[in-house]
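Take a look at the structure below.
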Amino acid sequence: MAEHIVELAADAAFIELTEPKSFLYKAFRQILRNKQAILGFAVLLVLVLSAVFAEQIAPYDPYKTNYSNVKQPPSAEHFIGTDELGRDGFSRLIYGARISLMVGIIVSGISTTIGVALGAIAGYFGGIADMIIMRVVDLMMAFPFLVLAIALVAVFGPSLLNMMLALIVVYWIWFARVVRGMVLTLRETEFIVGAKAAGASDISIIFRHILPNVFPVVIVQGSFSVAEAILIAATLSYLGLGAQPPTAEWGSMLSNAKELMRILPVLSIAPGVAIMITVLAINFIGDALRDALDPTLRQ
């Protein structure tokens, strides 16, 4: 996970965004020239619209059972068939996009906010705050993050909310560790020393000078963490530790459909392909953001 951050951190930490509008404009133009990024944005737009307007798009209620229509093969009425309870697979697939995107965005957003805040505090102020925060980070990094997430969900109980909390606890440490390292470097640079000499407050220096330099790395890693959160959430739900029945979620749909793999393989293939396409689209966007925001790669 950390390799995406390392690629940017060494160079981005030394560049002050004295012309943020020009910087963002050039980055935006470079993204528009990236065909994979355009494809990723197009796919993500379709997924977002499907999630937002799921009630209007889905042909059936994804939670309504129909025992007279159980285990039906794909047809004009049911595009990918029906499950063991007679629920429409296509409708559940559409509603699953809402859950998966919600998990990815919320987990990434909250963990990024926590990690950046704690990393900036540890790196800028140092001392006892730095020691406490980084010892917690070191302790948590001693465990494989998937094993740690499984352990946390097992302790608090399997549910969608507990799964999201577990992922937030796991993910913030990566942001805190890298932001702290960048801040340690930035606080010794001439423009930070000059700002201190001019009488700028610590809060002003952090928000006006340090965080804008951290932003390119954070936004890139944040995009990758959305894809990773969706993938790990699907894994936990498949194991029965995430979204619980009857919630329409791609990982739980895979788990439920494994018993029907021989007679209705499409019920397993469809959510698996949906996860793959979503993660791939977000990674395309993340790669484009990395290329556009990395000062060594910008044209």
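Chains: A, B, ... in order of the structure tokens. Residues: from 1 per chain. Ligands: from 1, in order shown.
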Kindly provide the residues of stretch 11-114 of chain A that approach stretch 269-276 of chain A to within 9 Å, each paired with its closest atom pair and their distance in Å to one decimal, based on only C-alpha atoms, listed by chain and increasing number, as a tab-separated table.
```
residue	atom	partner	partner_atom	distance
A:Ile80	CA	A:Ala270	CA	7.7
A:Gly89	CA	A:Ala270	CA	8.8
A:Phe90	CA	A:Ala270	CA	8.6
A:Leu93	CA	A:Pro271	CA	6.5
A:Gly96	CA	A:Pro271	CA	8.4
A:Ala97	CA	A:Ala274	CA	8.2
A:Ser100	CA	A:Ile275	CA	8.6
```
Write the residues of the selection above to a file with all heavy atoms, as a short mmCIF file (atom, residue, chain, number, x, y, z; two decimals), in the first residue's frame.
```cif
data_model
loop_
_atom_site.label_atom_id
_atom_site.label_comp_id
_atom_site.auth_asym_id
_atom_site.auth_seq_id
_atom_site.Cartn_x
_atom_site.Cartn_y
_atom_site.Cartn_z
N ILE A 80 -29.58 -11.25 -14.81
CA ILE A 80 -28.57 -12.20 -14.35
C ILE A 80 -29.21 -13.28 -13.47
O ILE A 80 -28.52 -13.95 -12.71
CB ILE A 80 -27.42 -11.51 -13.59
CG1 ILE A 80 -27.93 -10.81 -12.32
CG2 ILE A 80 -26.68 -10.53 -14.48
CD1 ILE A 80 -26.80 -10.27 -11.46
N GLY A 89 -31.20 -10.65 -9.18
CA GLY A 89 -29.77 -10.45 -9.04
C GLY A 89 -29.29 -9.12 -9.57
O GLY A 89 -28.40 -8.48 -8.99
N PHE A 90 -29.87 -8.66 -10.68
CA PHE A 90 -29.44 -7.39 -11.28
C PHE A 90 -29.79 -6.21 -10.37
O PHE A 90 -28.99 -5.28 -10.21
CB PHE A 90 -30.10 -7.22 -12.64
CG PHE A 90 -29.68 -5.97 -13.36
CD1 PHE A 90 -28.39 -5.81 -13.82
CD2 PHE A 90 -30.60 -4.94 -13.59
CE1 PHE A 90 -28.00 -4.65 -14.49
CE2 PHE A 90 -30.22 -3.78 -14.25
CZ PHE A 90 -28.91 -3.63 -14.70
N LEU A 93 -27.36 -6.15 -7.61
CA LEU A 93 -26.06 -5.69 -8.10
C LEU A 93 -26.01 -4.16 -8.13
O LEU A 93 -25.00 -3.55 -7.76
CB LEU A 93 -25.82 -6.26 -9.50
CG LEU A 93 -24.41 -6.11 -10.07
CD1 LEU A 93 -23.43 -7.00 -9.30
CD2 LEU A 93 -24.39 -6.48 -11.55
N GLY A 96 -25.85 -2.87 -4.70
CA GLY A 96 -24.53 -3.17 -4.15
C GLY A 96 -23.51 -2.10 -4.46
O GLY A 96 -22.58 -1.87 -3.67
N ALA A 97 -23.67 -1.43 -5.61
CA ALA A 97 -22.76 -0.33 -5.95
C ALA A 97 -22.86 0.78 -4.92
O ALA A 97 -21.85 1.41 -4.56
CB ALA A 97 -23.08 0.20 -7.35
N SER A 100 -20.89 -0.39 -1.72
CA SER A 100 -19.44 -0.47 -1.94
C SER A 100 -18.82 0.91 -2.09
O SER A 100 -17.76 1.19 -1.49
CB SER A 100 -19.15 -1.32 -3.17
OG SER A 100 -19.53 -2.67 -2.96
#
```
(message) What parts of stretch 110-261 of chain A does DSSP call helix (DSSP H, G or I)? I'd like the answer as JSON, numbers by chain.
(response) {"A": [110, 111, 112, 113, 114, 115, 116, 117, 118, 119, 120, 121, 122, 123, 124, 125, 127, 128, 129, 130, 131, 132, 133, 134, 135, 136, 137, 138, 139, 140, 141, 145, 146, 147, 148, 149, 150, 151, 152, 153, 154, 155, 156, 160, 161, 162, 163, 164, 165, 166, 167, 168, 169, 170, 171, 172, 173, 174, 175, 176, 177, 178, 179, 180, 181, 182, 183, 184, 185, 186, 190, 191, 192, 193, 194, 195, 196, 197, 202, 203, 204, 205, 206, 207, 208, 209, 210, 211, 212, 213, 214, 215, 216, 217, 218, 219, 220, 221, 222, 223, 224, 225, 226, 227, 228, 229, 230, 231, 232, 233, 234, 235, 236, 237, 238, 250, 251, 252, 253, 254, 255, 256, 257, 258, 259, 260]}
(message) For a quick check of understanding, using only C-alpha atoms, which of A:Ala129, A:Leu160, A:Ile285, A:Leu148 has the smallest distance to A:Pro245?
(response)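 Of A:Ala129, A:Leu160, A:Ile285, A:Leu148, the one nearest A:Pro245, counting only C-alpha atoms, is A:Leu160.
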(request) Select, from A:Leu267, A:Ile219, A:Met131, A:Val153, the residue with the minimum atom-to-atom distance to A:Ala243, counting only C-alpha atoms. (result)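 For A:Ala243, the nearest of the given residues is A:Val153.
Residue nearest A:Gly119, chosen from A:Tyr95, A:Val183, A:Ile277, A:Val136 and counting only C-alpha atoms: A:Val183.
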(message) I need the residue nearest A:Met134 from this list: A:Val179, A:Ala166, A:Ala195, A:Ile206. Use only C-alpha atoms for the distance.
(response)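 Among the listed residues, the smallest separation from A:Met134 belongs to A:Val179.
Distance annotation: of A:Ile114, A:Ala257, A:Ile150, A:Leu289, the residue with the minimal separation from A:Ala37 is A:Leu289; atom set is only C-alpha atoms.
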(message) Restricting the calculation to only C-alpha atoms: of A:Val147, A:Ile263, A:Leu280, A:Ile94, which residue gets closest to A:Ala58?
(response)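 Using only C-alpha atoms, A:Ala58 sits closest to A:Ile94.
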Do you have, as a tab-separated table, the list of residues of stretch 136-254 of chain A lying at most 12 Å from stretch 42-52 of chain A, each with its nearest atom pair and that distance in Å to one decimal, counting only C-alpha atoms and ordered by chain then number?
```
residue	atom	partner	partner_atom	distance
A:Val226	CA	A:Leu44	CA	11.9
A:Ala227	CA	A:Leu44	CA	11.3
A:Ala248	CA	A:Ala51	CA	11.8
A:Glu249	CA	A:Ala51	CA	11.8
```
